[in-house]
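This is entry-v8.cif (mmCIF, C-alpha atoms).
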data_structure
loop_
_atom_site.label_atom_id
_atom_site.label_comp_id
_atom_site.auth_asym_id
_atom_site.auth_seq_id
_atom_site.Cartn_x
_atom_site.Cartn_y
_atom_site.Cartn_z
CA MET A 241 0.00 0.00 0.00
CA PRO A 242 1.54 3.31 -1.02
CA SER A 243 1.93 5.60 1.94
CA LYS A 244 0.06 8.88 2.20
CA ASN A 245 3.07 10.28 4.02
CA LYS A 246 5.24 12.12 1.53
CA VAL A 247 8.94 12.74 1.72
CA THR A 248 9.94 16.34 1.15
CA VAL A 249 13.48 17.23 0.17
CA THR A 250 14.56 20.85 0.38
CA ALA A 251 17.86 21.73 -1.26
CA GLU A 252 18.11 25.44 -1.93
CA PRO A 253 20.46 26.43 -4.75
CA GLY A 254 23.90 27.53 -3.64
CA LYS A 255 23.61 26.14 -0.10
CA GLN A 256 25.51 23.37 1.68
CA GLU A 257 22.54 21.76 3.34
CA VAL A 258 19.61 19.49 2.63
CA PHE A 259 16.45 19.01 4.68
CA ILE A 260 14.43 15.83 4.47
CA THR A 261 11.09 15.52 6.28
CA ARG A 262 8.67 12.65 6.56
CA GLU A 263 5.81 11.70 8.86
CA PHE A 264 5.17 8.19 10.15
CA ASP A 265 2.00 6.54 11.45
CA ALA A 266 3.87 5.20 14.45
CA PRO A 267 4.93 6.51 17.85
CA ARG A 268 8.35 8.09 18.32
CA GLU A 269 9.79 5.17 20.34
CA LEU A 270 9.19 2.77 17.47
CA VAL A 271 10.71 5.06 14.84
CA PHE A 272 13.71 5.52 17.12
CA LYS A 273 13.97 1.78 17.70
CA ALA A 274 13.99 1.14 13.94
CA HIS A 275 17.05 3.42 13.77
CA THR A 276 18.95 1.88 16.67
CA ASP A 277 18.19 -1.85 16.60
CA PRO A 278 20.59 -3.46 14.08
CA LYS A 279 18.11 -6.24 13.23
CA LEU A 280 15.51 -3.63 12.29
CA TYR A 281 17.90 -1.13 10.70
CA VAL A 282 19.12 -3.56 8.01
CA GLN A 283 15.55 -4.25 6.96
CA TRP A 284 14.81 -0.82 5.58
CA LEU A 285 17.98 1.16 4.97
CA GLY A 286 19.51 -0.61 1.97
CA PRO A 287 18.35 0.22 -1.56
CA TYR A 288 16.33 -2.31 -3.60
CA GLY A 289 18.45 -4.91 -5.32
CA TYR A 290 21.36 -4.48 -2.92
CA GLU A 291 22.41 -6.65 -0.04
CA MET A 292 22.77 -4.60 3.12
CA ILE A 293 25.67 -5.64 5.33
CA LEU A 294 25.89 -3.91 8.68
CA GLU A 295 29.52 -4.44 9.63
CA THR A 296 29.83 -2.19 12.68
CA PHE A 297 26.90 -0.62 14.50
CA GLU A 298 27.29 1.09 17.87
CA PRO A 299 24.31 3.45 18.16
CA VAL A 300 25.49 5.21 21.32
CA ASN A 301 27.24 8.55 21.90
CA GLY A 302 30.73 8.22 20.40
CA GLY A 303 29.93 4.90 18.69
CA ARG A 304 30.91 3.97 15.14
CA TYR A 305 29.08 2.45 12.21
CA ARG A 306 30.02 0.96 8.88
CA TYR A 307 27.75 -0.68 6.34
CA ILE A 308 28.12 -2.02 2.86
CA HIS A 309 25.65 -2.08 -0.01
CA LYS A 310 26.48 -5.01 -2.26
CA ASP A 311 24.92 -5.24 -5.70
CA GLN A 312 24.18 -8.44 -7.63
CA GLY A 313 27.43 -8.07 -9.56
CA GLY A 314 29.34 -8.26 -6.27
CA ASN A 315 30.31 -4.57 -6.27
CA GLU A 316 30.54 -3.20 -2.75
CA TYR A 317 29.83 0.36 -1.67
CA GLY A 318 30.93 1.19 1.85
CA PHE A 319 29.71 3.97 4.13
CA HIS A 320 30.92 4.83 7.59
CA GLY A 321 30.77 7.44 10.29
CA THR A 322 30.51 8.17 13.99
CA PHE A 323 27.49 8.68 16.20
CA HIS A 324 27.97 11.90 18.08
CA GLU A 325 24.70 11.78 19.94
CA MET A 326 22.03 9.12 19.88
CA SER A 327 18.89 10.10 21.74
CA MET A 328 15.26 10.25 20.76
CA ASP A 329 15.44 14.04 20.69
CA ASN A 330 18.59 14.28 18.67
CA MET A 331 20.48 11.81 16.51
CA VAL A 332 23.72 13.36 15.31
CA GLN A 333 26.15 11.46 13.12
CA THR A 334 28.81 11.91 10.47
CA PHE A 335 28.38 10.21 7.10
CA GLU A 336 31.04 9.38 4.54
CA PHE A 337 30.80 7.42 1.29
CA GLU A 338 34.01 5.47 0.91
CA GLY A 339 33.93 5.97 -2.86
CA TYR A 340 34.31 9.69 -2.24
CA PRO A 341 36.68 9.76 0.74
CA GLY A 342 37.24 12.92 2.73
CA HIS A 343 33.82 14.33 1.87
CA VAL A 344 31.92 14.05 5.12
CA SER A 345 28.45 15.28 5.95
CA LEU A 346 27.01 15.98 9.37
CA ASP A 347 23.50 14.58 9.72
CA THR A 348 21.09 15.53 12.47
CA MET A 349 17.79 13.76 12.83
CA THR A 350 15.01 14.86 15.13
CA LEU A 351 11.82 12.97 15.90
CA GLU A 352 8.84 15.09 16.82
CA GLU A 353 5.75 13.64 18.48
CA LEU A 354 2.53 14.36 16.59
CA PRO A 355 -1.05 13.84 17.82
CA GLY A 356 -2.52 10.39 17.23
CA HIS A 357 0.69 8.48 17.99
CA ARG A 358 2.33 9.83 14.89
CA THR A 359 5.90 11.09 14.41
CA LYS A 360 7.56 13.67 12.21
CA ALA A 361 11.18 13.00 11.30
CA THR A 362 13.44 15.80 10.08
CA ILE A 363 16.90 15.10 8.74
CA HIS A 364 19.28 18.02 8.30
CA SER A 365 22.48 17.22 6.38
CA VAL A 366 25.29 19.75 6.16
CA PHE A 367 28.01 19.15 3.57
CA GLN A 368 31.51 20.60 3.41
CA SER A 369 30.76 22.51 0.22
CA VAL A 370 27.95 23.27 -2.19
CA SER A 371 29.50 20.97 -4.79
CA ASP A 372 29.75 18.13 -2.23
CA ARG A 373 26.06 18.48 -1.55
CA ASP A 374 25.07 18.69 -5.19
CA GLY A 375 27.36 15.77 -5.96
CA MET A 376 25.61 13.71 -3.32
CA ILE A 377 22.19 14.65 -4.61
CA GLN A 378 23.26 13.91 -8.17
CA ASN A 379 24.57 10.53 -7.14
CA GLY A 380 21.34 9.96 -5.29
CA MET A 381 23.56 8.43 -2.59
CA GLU A 382 23.55 4.94 -4.07
CA LYS A 383 22.17 5.21 -7.56
CA GLY A 384 24.61 5.92 -10.31
CA MET A 385 27.65 5.60 -8.10
CA ARG A 386 29.87 4.64 -10.95
CA GLU A 387 28.83 7.74 -12.83
CA GLY A 388 29.71 9.56 -9.64
CA TYR A 389 33.26 8.36 -9.86
CA GLU A 390 33.47 9.46 -13.48
CA ARG A 391 32.07 12.87 -12.64
CA LEU A 392 34.54 13.16 -9.78
CA ASP A 393 37.36 12.37 -12.23
CA ASP A 394 36.13 15.16 -14.50
CA ILE A 395 35.96 17.60 -11.61
CA LEU A 396 39.45 16.66 -10.41
CA LYS A 397 40.81 17.06 -13.93
CA ALA A 398 39.22 20.47 -14.23
CA MET A 399 40.68 21.69 -10.92
CA MET B 125 36.10 25.41 -13.98
CA ARG B 126 32.82 23.54 -13.90
CA ARG B 127 30.27 24.63 -16.43
CA ASP B 128 27.01 23.12 -15.40
CA VAL B 129 23.73 24.25 -13.99
CA PHE B 130 24.94 23.98 -10.37
CA GLN B 131 27.87 26.27 -11.08
CA ALA B 132 25.46 28.68 -12.76
CA ILE B 133 23.20 29.01 -9.74
CA ALA B 134 25.91 28.88 -7.07
CA ASP B 135 26.31 32.66 -7.16
CA PRO B 136 23.62 35.00 -5.73
CA ASN B 137 24.14 37.60 -8.49
CA ARG B 138 23.61 34.96 -11.15
CA ARG B 139 20.45 33.78 -9.41
CA ALA B 140 19.24 37.41 -9.32
CA ILE B 141 20.01 37.81 -13.05
CA LEU B 142 18.00 34.67 -13.80
CA SER B 143 15.00 35.79 -11.79
CA LEU B 144 15.13 39.13 -13.61
CA LEU B 145 15.17 37.35 -16.96
CA ALA B 146 12.33 35.06 -15.91
CA ARG B 147 9.88 37.88 -16.63
CA GLN B 148 11.23 39.01 -19.99
CA ARG B 149 14.31 39.07 -22.16
CA MET B 150 16.47 42.13 -21.59
CA THR B 151 19.39 43.94 -23.15
CA LEU B 152 22.81 43.57 -21.52
CA ASN B 153 22.62 47.19 -20.39
CA GLY B 154 19.11 46.64 -19.07
CA VAL B 155 20.34 43.81 -16.87
CA ALA B 156 23.37 45.79 -15.67
CA GLU B 157 21.17 48.73 -14.61
CA ASN B 158 19.52 46.51 -12.02
CA PHE B 159 22.76 45.75 -10.22
CA ARG B 160 25.20 47.66 -8.07
CA ILE B 161 28.11 45.56 -9.30
CA SER B 162 30.03 46.88 -12.31
CA ARG B 163 28.92 46.29 -15.88
CA PRO B 164 31.96 44.09 -16.64
CA ALA B 165 31.07 42.00 -13.56
CA VAL B 166 27.49 41.60 -14.85
CA SER B 167 28.87 40.67 -18.29
CA LYS B 168 31.08 38.04 -16.70
CA HIS B 169 28.12 36.48 -14.88
CA ILE B 170 26.11 36.45 -18.09
CA ARG B 171 29.02 34.81 -19.89
CA ILE B 172 29.11 32.06 -17.23
CA LEU B 173 25.33 31.62 -17.46
CA LYS B 174 25.72 31.34 -21.23
CA GLU B 175 28.49 28.77 -20.91
CA CYS B 176 26.30 26.79 -18.51
CA GLY B 177 23.49 26.84 -21.07
CA LEU B 178 21.08 28.88 -18.96
CA VAL B 179 20.90 31.98 -21.14
CA ILE B 180 21.39 32.81 -24.79
CA VAL B 181 22.61 36.17 -26.12
CA ILE B 182 20.88 37.40 -29.28
CA PRO B 183 22.38 40.32 -31.22
CA GLN B 184 19.65 42.57 -32.61
CA GLY B 185 20.73 45.71 -34.41
CA ARG B 186 23.12 47.51 -32.10
CA GLU B 187 21.74 45.80 -29.00
CA ARG B 188 22.43 42.42 -27.50
CA TYR B 189 19.50 40.72 -25.82
CA VAL B 190 19.80 38.13 -23.06
CA GLU B 191 17.16 35.43 -22.82
CA ALA B 192 16.83 32.76 -20.14
CA ARG B 193 16.67 29.07 -21.03
CA PHE B 194 14.87 27.52 -18.09
CA ASP B 195 14.65 23.95 -19.37
CA LYS B 196 18.24 23.54 -18.14
CA LEU B 197 17.15 24.33 -14.62
CA ASN B 198 14.94 21.25 -14.65
CA GLU B 199 18.11 19.19 -14.31
CA VAL B 200 18.36 20.40 -10.72
CA THR B 201 14.78 19.47 -9.94
CA ASP B 202 15.25 16.06 -11.49
CA TRP B 203 18.27 15.29 -9.32
CA VAL B 204 16.48 16.40 -6.18
CA GLU B 205 13.51 14.32 -7.30
CA GLN B 206 15.73 11.27 -7.75
CA TYR B 207 17.17 11.75 -4.27
CA ARG B 208 13.65 12.16 -2.89
CA GLN B 209 12.56 8.90 -4.49
CA ILE B 210 15.40 7.00 -2.81
CA TRP B 211 14.25 8.28 0.57
CA GLU B 212 10.63 7.55 -0.31
CA GLU B 213 11.52 3.94 -1.18
CA ARG B 214 13.48 3.61 2.05
CA PHE B 215 10.79 5.15 4.25
CA ASN B 216 8.03 3.07 2.64
CA ARG B 217 9.95 0.00 3.79
CA LEU B 218 10.26 1.58 7.22
CA ASP B 219 6.46 2.06 7.24
CA ASP B 220 5.95 -1.66 6.67
CA LEU B 221 8.39 -2.45 9.44
CA LEU B 222 6.69 0.00 11.84
CA GLU B 223 3.30 -1.61 11.12
CA GLN B 224 4.80 -4.96 12.02
CA MET B 225 6.35 -3.52 15.19
CA LYS B 226 3.03 -1.98 16.24
CA LYS B 227 1.28 -5.35 15.84
CA GLU B 228 3.96 -7.13 17.83
CA LYS B 229 3.68 -4.54 20.57
CA GLN B 230 -0.13 -4.95 20.78
CA HIS B 231 0.32 -8.70 20.78
CA ALA B 232 2.78 -8.45 23.65
CA ILE B 233 0.37 -6.27 25.67
CA LYS B 234 -2.50 -8.75 25.18
CA LYS B 235 -0.30 -11.54 26.50
#
Render the structure in this file as structure tokens.
Amino acid sequence: MPSKNKVTVTAEPGKQEVFITREFDAPRELVFKAHTDPKLYVQWLGPYGYEMILETFEPVNGGRYRYIHKDQGGNEYGFHGTFHEMSMDNMVQTFEFEGYPGHVSLDTMTLEELPGHRTKATIHSVFQSVSDRDGMIQNGMEKGMREGYERLDDILKAM
Amino acid sequence: MRRDVFQAIADPNRRAILSLLARQRMTLNGVAENFRISRPAVSKHIRILKECGLVIVIPQGRERYVEARFDKLNEVTDWVEQYRQIWEERFNRLDDLLEQMKKEKQHAIKK
């Protein structure tokens, strides 16, 4: 059943940040649990057609994470970062795609209680530069990663 | 230097030029009159916009007209849309999981 809850993505031109908002028909504790229980986390995070391997997952203040998206051709795409704060009010973590090393974003997620046992999630990602952000949006995080590498090559050549 | 739509809109003056041209095509001088920055600076921004494919410059008599080409801007929307769809896919799966969790919780309470 397609959800009536829509994702909104706000990426203003020329800025280093992206906002993602989405409402869920579930209480805050459950949404938080789905983000902090490794057995639950692997079930929804990975893109379709990819195997999701959660290698390291320490969802506590100062903890680390690393996961791999593996496609059917055996190509692996790794992501890692550190949890700065992990509470229901504030989930703060760094995020780095290993195919684009050194380009780290800082992601903050807040879960707001709505009437009727519903929850509004807001993700705020801040990138190191406008082109990092646009590059990440262009890559769509996972989709077209190979093209991402090629584009990166072009950018590096042009620098 | 990059010459794509993101480069074009990265600068506030260039964004202002584009919103000016959204209403009507204008002469180079007409555009420059709307800005405090120097005419050569405005010309430079228009050159970059042209190289990024967001405006075309049409010579007409002694004047040169600048016209916006907004179809290029759709590239930005499309990329954001693609990104949005990835999150939508992901969160739809989370919805299914949350439904399951809610049922399990109710089940546990009944016990």
So which residues get picked by the PyMOL selection byres ((chain B and resi 176-178) around 10) here, written as a VMD selection string?
chain B and resid 126 to 133 142 170 to 175 179 to 180 191 to 197
Long-range neighbours of stretch 218-221 of chain B as a VMD selection string, 9 Å cut-off, all atoms listed in the file, 2 positions minimum in chain:
(chain A and resid 243 264 to 266 271 274 280 to 281 283 to 285) or (chain B and resid 213 to 216 223 to 226)
The PyMOL selection byres ((chain A and resi 315) around 12) - which residues does that actually catch in the file I just gave you? List them as JSON, numbers by chain.
{"A": [289, 290, 291, 308, 309, 310, 311, 312, 313, 314, 316, 317, 318, 339, 382, 385, 386]}
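In this structure, atom CA of A:Gly356 sits 11.2 Å away from atom CA of A:Arg268.
Closest to chain B among A:Val300, A:Pro287, A:Pro278, A:Thr350 is A:Pro287, based on all atoms listed in the file.
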Skip A:Gln368 itself and residues of its chain fewer than 6 positions away, then list as a PyMOL selection string all residues within 8 Å of it, counting all atoms listed in the file.
chain A and resi 256+343-345
Could you write out the selected residues, including C-alpha atoms, as a JSON list (two decimals), in the frame of the given file?
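Listed below is the output, again.json:
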[["chain", "number", "residue", "atom", "x", "y", "z"],
["A", 256, "GLN", "CA", 25.51, 23.37, 1.68],
["A", 343, "HIS", "CA", 33.82, 14.33, 1.87],
["A", 344, "VAL", "CA", 31.92, 14.05, 5.12],
["A", 345, "SER", "CA", 28.45, 15.28, 5.95]]
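Taken over the shown file, the PyMOL selection byres ((chain A and resi 334) around 10) identifies Arg304, Tyr305, His320, Gly321, Thr322, Phe323, His324, Val332, Gln333, Phe335, Glu336, Val344, Ser345, Leu346, Asp347, Thr348, Ser365 and Val366 of chain A.
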Would you list the contacts of A:Ala251 as a ChimeraX atom specification, taking every protein, DNA or RNA residue within 9 Å and counting all atoms listed in the file, but skipping same-chain residues closer than 5 positions in sequence?
/A:256-260,373-374,377 /B:204
So that all listed atoms of stretch 294-307 of chain A fit with 8 Å spare on each side, what axis-aligned box centre and edge lengths in Å, to one decimal, would you give as lines of an AutoDock Vina configuration file?
center_x = 27.6
center_y = 2.1
center_z = 14.1
size_x = 22.6
size_y = 29.0
size_z = 31.6
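With atom CA of B:Arg208 on one side and atom CA of B:Ile141 on the other, the separation reads 28.3 Å.
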Which of these, A:Lys246, A:Pro253, A:Thr362, A:Asn301, has the shortest distance to B:Arg139 once you count only C-alpha atoms?
A:Pro253
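Ranking A:Thr250, A:Arg358, A:Glu325, A:Tyr307 by their shortest atom-to-atom distance to A:Glu338, with all atoms listed in the file included, puts A:Tyr307 first.
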As an exercise, work out the distance from atom CA of A:Pro299 to atom CA of A:Met331 in Å and give it to one decimal place.
9.3 Å
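For the residues B:Arg188, B:Arg138, B:Arg217, B:Arg147, ranking by smallest atom-to-atom distance to chain A using only C-alpha atoms places B:Arg217 first.
Closest approach to B:Ala165 from the set B:Asn137, B:Ser143, B:Gln209, B:Gln184 is made by B:Asn137, with distances taken over all atoms listed in the file.
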Identify which of the residues B:Lys234, B:Pro164, B:Tyr207, B:Glu228 lies closest to chain A, counting all atoms listed in the file when measuring atom-to-atom distances.
B:Tyr207
Could you give me, as a PyMOL selection string, the residues within 8 Å of B:Thr151, counting only C-alpha atoms and dropping anything in the same chain fewer than 6 positions from it?
chain B and resi 187-190
What does the file look like for those residues with C-alpha atoms, as a PDB file, in the frame of the given file?
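Resulting contents of part_13.pdb:
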ATOM      1  CA  GLU B 187      21.740  45.800 -29.000  1.00  0.00           C
ATOM      2  CA  ARG B 188      22.430  42.420 -27.500  1.00  0.00           C
ATOM      3  CA  TYR B 189      19.500  40.720 -25.820  1.00  0.00           C
ATOM      4  CA  VAL B 190      19.800  38.130 -23.060  1.00  0.00           C
TER       5      VAL B 190
END
